[in-house]
Every structure is written in C-alpha cells, then in structure tokens.
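K.L.:
Have a look at the structure that comes next, please.
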Amino acid sequence: MTIIIGSDVDGKRLKDLIKVYLKENDFEVLDVTEGKELDFVDSTVSVAREVQKSDDNLGIAIDAYGAGSFIVATKIKGMIAAEVSDERSAYMTRGHNNSKMITLGSEIVGDTLAKNVVKGFVNGHYDGGRHQIRVDMLNKMC
C-alpha cells in the first residue's frame, strides 16, 4: 500500500507532519506536491490521479478547511472521498464506503488529531457485504 499525499500552500505544514508520522509507522508515502506551490484544485487532482493508479493506494489531500479538496475529489469519476476531522469517521469511511481518499483541513484539526485521523483511515478495511450496494451506486456517478 502506498499513501499518496498532497496539499496546497495552506496545508503544507500539516502534510509534512503527517508524512513523517506515516514513514515512522512504516508506510510507503508518495508526496505528489513536494516542492510545489499548488492551489487545492491542482493538488487534489494530483493526489486522486495517483491513487487511481493502483487499487492498493490511499490518498490524503490537505488544504485549509478540507472542504475544497473534498469537492474536487468527488468530481473525479470513480473516486470515493470523505472530508474528515475525527478518528471514527476516518475509520468508518474505509469500512462502509470503501473510501480511497480523505481530505483534511489544516485550520480545523490539530497535529495529534490529524495523526489519529490518518491512523484510523490507513488502518481501516472495507467491510464489503451490505455496503457494496452503496459503493456500486457511488461508482456509477460522475
């Protein structure tokens, strides 16, 4: 599994903190915005496109409030994303929605909470079963 991460200028500090956290916990991380100053539209598209290259990839996009990146991610055909700011939602969106991507707001979540959100997301597993009906419906959209 590779965790694809990216941010706009407002999310850079939190992105860098999360990258370190993931690497310390033995996750492979690909920063698609390293050394770039992109707006949230371009940074989120970069994350989503890279996530879609492998079924094992997961993505994290960070901007100031998470909402902009969420809107962008959900415009991409086949991308199921969730804007999250708590651990339980991050875990559950993997389990029930098979989300491949989350968005975070650097002005919303603090450092410790951001690490816990990411932990919940990357350690979550899709439950399948009764949830597959909704996932199929989502995948038909866009």
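Each chain of the structure tokens is named A, B, ... in the order shown, its residues numbered from 1; ligands are numbered from 1 in display order.
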I'd like to know which residues of chain A are strand (DSSP E) (by DSSP, run on the backbone); could you write them as a PyMOL selection string?

P.N.:
chain A and resi 2-7+28-31+58-63+81-83+101-105

K.L.:
Which neighbours of segment 75-86 of chain A fall inside 7 Å, counting only C-alpha atoms, when residues of the same chain fewer than 6 positions from it are skipped, and could you give them as a PDB file with N, CA and C atoms, in the first residue's frame?

P.N.:
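So selection27.pdb came out as:
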ATOM      1  N   GLY A  66     -10.375  21.595   4.277  1.00  0.00           N
ATOM      2  CA  GLY A  66     -10.747  20.255   3.839  1.00  0.00           C
ATOM      3  C   GLY A  66     -11.898  20.221   2.854  1.00  0.00           C
ATOM      4  N   ALA A  67     -12.732  21.231   2.881  1.00  0.00           N
ATOM      5  CA  ALA A  67     -13.929  21.245   2.034  1.00  0.00           C
ATOM      6  C   ALA A  67     -13.591  21.388   0.553  1.00  0.00           C
ATOM      7  N   THR A  93     -15.318   5.509   7.142  1.00  0.00           N
ATOM      8  CA  THR A  93     -15.451   5.758   5.710  1.00  0.00           C
ATOM      9  C   THR A  93     -14.693   4.711   4.905  1.00  0.00           C
ATOM     10  N   SER A  99     -13.817   4.252   0.929  1.00  0.00           N
ATOM     11  CA  SER A  99     -13.165   5.488   0.514  1.00  0.00           C
ATOM     12  C   SER A  99     -11.699   5.246   0.254  1.00  0.00           C
ATOM     13  N   LYS A 100     -11.239   5.794  -0.831  1.00  0.00           N
ATOM     14  CA  LYS A 100      -9.837   5.678  -1.205  1.00  0.00           C
ATOM     15  C   LYS A 100      -9.068   6.937  -0.852  1.00  0.00           C
ATOM     16  N   MET A 101      -9.801   7.951  -0.383  1.00  0.00           N
ATOM     17  CA  MET A 101      -9.165   9.242  -0.148  1.00  0.00           C
ATOM     18  C   MET A 101      -9.895   9.991   0.949  1.00  0.00           C
ATOM     19  N   ILE A 102      -9.127  10.705   1.775  1.00  0.00           N
ATOM     20  CA  ILE A 102      -9.711  11.620   2.747  1.00  0.00           C
ATOM     21  C   ILE A 102      -9.127  13.006   2.521  1.00  0.00           C
ATOM     22  N   THR A 103      -9.886  13.997   2.973  1.00  0.00           N
ATOM     23  CA  THR A 103      -9.387  15.364   2.947  1.00  0.00           C
ATOM     24  C   THR A 103      -9.412  15.908   4.365  1.00  0.00           C
ATOM     25  N   LEU A 104      -8.409  16.711   4.662  1.00  0.00           N
ATOM     26  CA  LEU A 104      -8.259  17.301   5.992  1.00  0.00           C
ATOM     27  C   LEU A 104      -8.090  18.803   5.880  1.00  0.00           C
ATOM     28  N   VAL A 109      -8.127  20.704  12.145  1.00  0.00           N
ATOM     29  CA  VAL A 109      -7.596  19.657  13.026  1.00  0.00           C
ATOM     30  C   VAL A 109      -6.185  20.015  13.487  1.00  0.00           C
ATOM     31  N   VAL A 117      -6.508  10.676  12.948  1.00  0.00           N
ATOM     32  CA  VAL A 117      -7.404  10.542  11.789  1.00  0.00           C
ATOM     33  C   VAL A 117      -6.733   9.697  10.716  1.00  0.00           C
ATOM     34  N   ASN A 139     -19.957   4.526  -7.413  1.00  0.00           N
ATOM     35  CA  ASN A 139     -19.035   4.342  -8.550  1.00  0.00           C
ATOM     36  C   ASN A 139     -19.706   4.594  -9.887  1.00  0.00           C
ATOM     37  N   CYS A 142     -20.916  10.415 -11.602  1.00  0.00           N
ATOM     38  CA  CYS A 142     -19.901  11.241 -12.296  1.00  0.00           C
ATOM     39  C   CYS A 142     -19.751  10.780 -13.714  1.00  0.00           C
TER      40      CYS A 142
END

K.L.:
Which residues of segment 66-87 of chain A have any atom within 12 Å of an atom in segment 37-40 of chain A when counting only C-alpha atoms, and what is the closest pair of atoms for each, with the distance in Å to one decimal? Order the rows by chain and rising number and write it as CSV.

P.N.:
residue,atom,partner,partner_atom,distance
A:Gly66,CA,A:Phe40,CA,9.2
A:Ala67,CA,A:Phe40,CA,9.8
A:Gly68,CA,A:Phe40,CA,6.6
A:Ser69,CA,A:Phe40,CA,5.8
A:Phe70,CA,A:Phe40,CA,9.6
A:Ile71,CA,A:Phe40,CA,10.0
A:Val72,CA,A:Phe40,CA,8.2
A:Ala73,CA,A:Phe40,CA,10.2

K.L.:
Please report the interatomic distance between atom CA of Asp63 of chain A and atom CA of Asp31 of chain A in Å with one decimal.

P.N.:
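Atom CA of Asp31 of chain A lies 14.3 Å from atom CA of Asp63 of chain A.
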
K.L.:
Select, from A:Leu22, A:Ile3, A:Val47, A:Ile60, the residue with the minimum atom-to-atom distance to Lys119 of chain A, counting only C-alpha atoms.

P.N.:
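Of the candidates, the smallest distance to Lys119 of chain A is held by A:Leu22.
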
K.L.:
Using only C-alpha atoms, which residues sit within 10 Å of Ile133 of chain A once same-chain residues fewer than 5 positions away are excluded, as a ChimeraX atom specification?

P.N.:
/A:97,128,138

K.L.:
Can you write just those residues out, all heavy atoms, as an mmCIF file, in the first residue's frame?

P.N.:
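Result went into result-v8.cif, see below:
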data_model
loop_
_atom_site.group_PDB
_atom_site.id
_atom_site.type_symbol
_atom_site.label_atom_id
_atom_site.label_comp_id
_atom_site.auth_asym_id
_atom_site.auth_seq_id
_atom_site.Cartn_x
_atom_site.Cartn_y
_atom_site.Cartn_z
ATOM 1 N N ASN A 97 -17.703 2.775 3.213
ATOM 2 C CA ASN A 97 -17.782 3.437 1.912
ATOM 3 C C ASN A 97 -16.661 3.057 0.961
ATOM 4 O O ASN A 97 -16.653 3.484 -0.179
ATOM 5 C CB ASN A 97 -17.773 4.958 2.091
ATOM 6 C CG ASN A 97 -18.871 5.430 2.998
ATOM 7 O OD1 ASN A 97 -19.986 4.936 2.939
ATOM 8 N ND2 ASN A 97 -18.568 6.384 3.854
ATOM 9 N N GLY A 128 -17.223 -4.550 2.890
ATOM 10 C CA GLY A 128 -17.957 -5.198 1.800
ATOM 11 C C GLY A 128 -19.381 -5.521 2.219
ATOM 12 O O GLY A 128 -20.032 -4.761 2.925
ATOM 13 N N LEU A 138 -22.248 4.701 -5.844
ATOM 14 C CA LEU A 138 -21.315 5.823 -5.898
ATOM 15 C C LEU A 138 -20.408 5.730 -7.119
ATOM 16 O O LEU A 138 -20.135 6.726 -7.787
ATOM 17 C CB LEU A 138 -20.464 5.859 -4.628
ATOM 18 C CG LEU A 138 -21.180 6.268 -3.348
ATOM 19 C CD1 LEU A 138 -20.294 6.015 -2.128
ATOM 20 C CD2 LEU A 138 -21.614 7.723 -3.414
#

K.L.:
Pick out the closest residue to Ile18 of chain A from this set: A:Val118, A:Val41, A:Leu30, A:Ala61. Count only C-alpha atoms.

P.N.:
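So, comparing all the options, the nearest one is A:Val118.
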
K.L.:
Quote the spacing between atom CA of Val51 of chain A and atom CA of Arg13 of chain A in Å to one decimal place.

P.N.:
21.5 Å

K.L.:
Check the DSSP output for the backbone and give back, as a count of residues only, the residues of segment 69-121 of chain A in helix (DSSP H, G or I).

P.N.:
27

K.L.:
Work out how far apart atom CA of Val45 of chain A and atom CA of Ala114 of chain A are and give it in Å to one decimal.

P.N.:
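Atom CA of Ala114 of chain A lies at a distance of 21.1 Å from atom CA of Val45 of chain A.
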